[in-house]
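Right, one structure below, let's go through it.
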Amino acid sequence: MAKLDIRTPPQRRLGGLLDKAGPTPDEITLFTQELSWMIAAGVPLGRAFDLLSAEAADGRLGPVLRAIRARLRAGSGLADAMRQQGTVFPETYLRLVALAEVSGTLPLVLNRIHAGRAQAQALRRKVGSALVYPSFLLLVAFAAITLIGLAVVPQMRAILPPEPLAGGGDQAIRRLIGLSDWLRANKLSVLFVGIGGVLLGRILLARPAIRLAISNISVRLPGVGPVLIAARLSEMTRTMAMLTEAGLPFAEALRLTRRTTTAPRLARTLERMEAALRSGQDVTMALRDDTTIPPLLVSLLKVGQETGNMGQSLRQAAEVFEEKTRIALERALTLMEPAIILVISAGVGSLIYLVIGALMSVNDLFL
């Protein structure tokens, strides 16, 4: 039986084929479900990996499973064999598997991991699907405005007089034509600047201070803020519930959740909870300092702390926040679609207004 190792895992390999073209999160989730089914049915661990490797022979998951199987043959535990596969398996996943190997509850823990990952991925897919239509509207609007600006507006030069009108009625359309000409003449430079802006944005987003500032701004945006807060709290509480119900100490569950969360503000709150727990204080006091944490979560954690059933309280909190995410998302979409249509109408309407204004000015000149 494998020995439990709750120390921080060694630095994972950043290079190599597995890190460059590894399996998708959905593939890892499906693999977890199939492995739990096989072990629960009495299939030996090595045989289970042989069967799964044969099934995924031509996919991206195949090399990972064969590498794990080779480690198992060499005498490694399952968690250690998975840890050697780079960043394929998250740290929380590895800690739960290590706990399950020690306690002999691998099928149960794998099933819980699958359930947690499946719920999180379903929530992300729901948010992503809900953003498809607004994104399509914005893309169509950008394409329409670009087409009008680069193809239609320059044609207005043919009807304008050589000299600007005395009243300045054609001043705006002349500026727009000048901008269109400049963009057409410097399209490669604009493209390179755009690519550079994207790369610079990625570099800046890698800085914790920048991410924290963006997070603080995002949660205050009307419509978007409630969705982000509810989704992050749902993911955080679900992860903590899974870790504590698997038998991990609450302090370790807090640390792992902090390391895996994508919200810098929540990570700082979890860090304060860790500090409070180490000093013997009430961990819910750290939650009260964060204005984005609803009182409901504080109450549920207080109950879990007093009853000694923190896992159940966290699971109930995750279910509540999942429902809140769904409701907040529906409300945001109800407001977002009319707002986008209004912005599109204003942009296209402004261009049309400039074109018609120029035509009227020229027409007045010849009357």
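Ligands are numbered from 1 in the order shown, chains are lettered A, B, ... in the order of the structure tokens, and residues start at 1 in each chain.
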Shell around Arg69 (chain A) at 9 Å using only C-alpha atoms, local window under 2 positions removed, as a ChimeraX atom specification: /A:46,49-50,53,64-67,71-74,78,81
Take the residues from that selection and write them out as an mmCIF file, in the first residue's frame, keeping C-alpha atoms.
data_model
loop_
_atom_site.group_PDB
_atom_site.id
_atom_site.type_symbol
_atom_site.label_atom_id
_atom_site.label_comp_id
_atom_site.auth_asym_id
_atom_site.auth_seq_id
_atom_site.Cartn_x
_atom_site.Cartn_y
_atom_site.Cartn_z
ATOM 1 C CA GLY A 46 -2.792 -2.797 -13.743
ATOM 2 C CA PHE A 49 -4.823 0.609 -17.188
ATOM 3 C CA ASP A 50 -4.087 -1.984 -19.859
ATOM 4 C CA SER A 53 -4.608 2.286 -22.714
ATOM 5 C CA VAL A 64 -0.190 9.255 -20.488
ATOM 6 C CA LEU A 65 -1.886 5.970 -19.546
ATOM 7 C CA ARG A 66 0.998 3.888 -20.914
ATOM 8 C CA ALA A 67 3.491 5.975 -18.921
ATOM 9 C CA ARG A 71 5.422 3.338 -13.431
ATOM 10 C CA LEU A 72 2.987 0.935 -11.781
ATOM 11 C CA ARG A 73 5.001 -2.030 -13.093
ATOM 12 C CA ALA A 74 8.115 -0.442 -11.586
ATOM 13 C CA LEU A 78 -0.879 5.405 -8.504
ATOM 14 C CA ALA A 81 2.807 7.617 -11.218
#
Contacts of region 238-245 of chain A at 6 Å (only C-alpha atoms; same-chain gap of 6+ positions) as a PyMOL selection string: chain A and resi 253+311+314-315+318
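The space separating CA of Val109 (chain A) from CA of Ala246 (chain A) comes to 6.7 Å.
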Residue among A:Asp282, A:Ile145, A:Ala98, A:Thr325 lying closest to Arg83 (chain A), counting only C-alpha atoms: A:Ala98
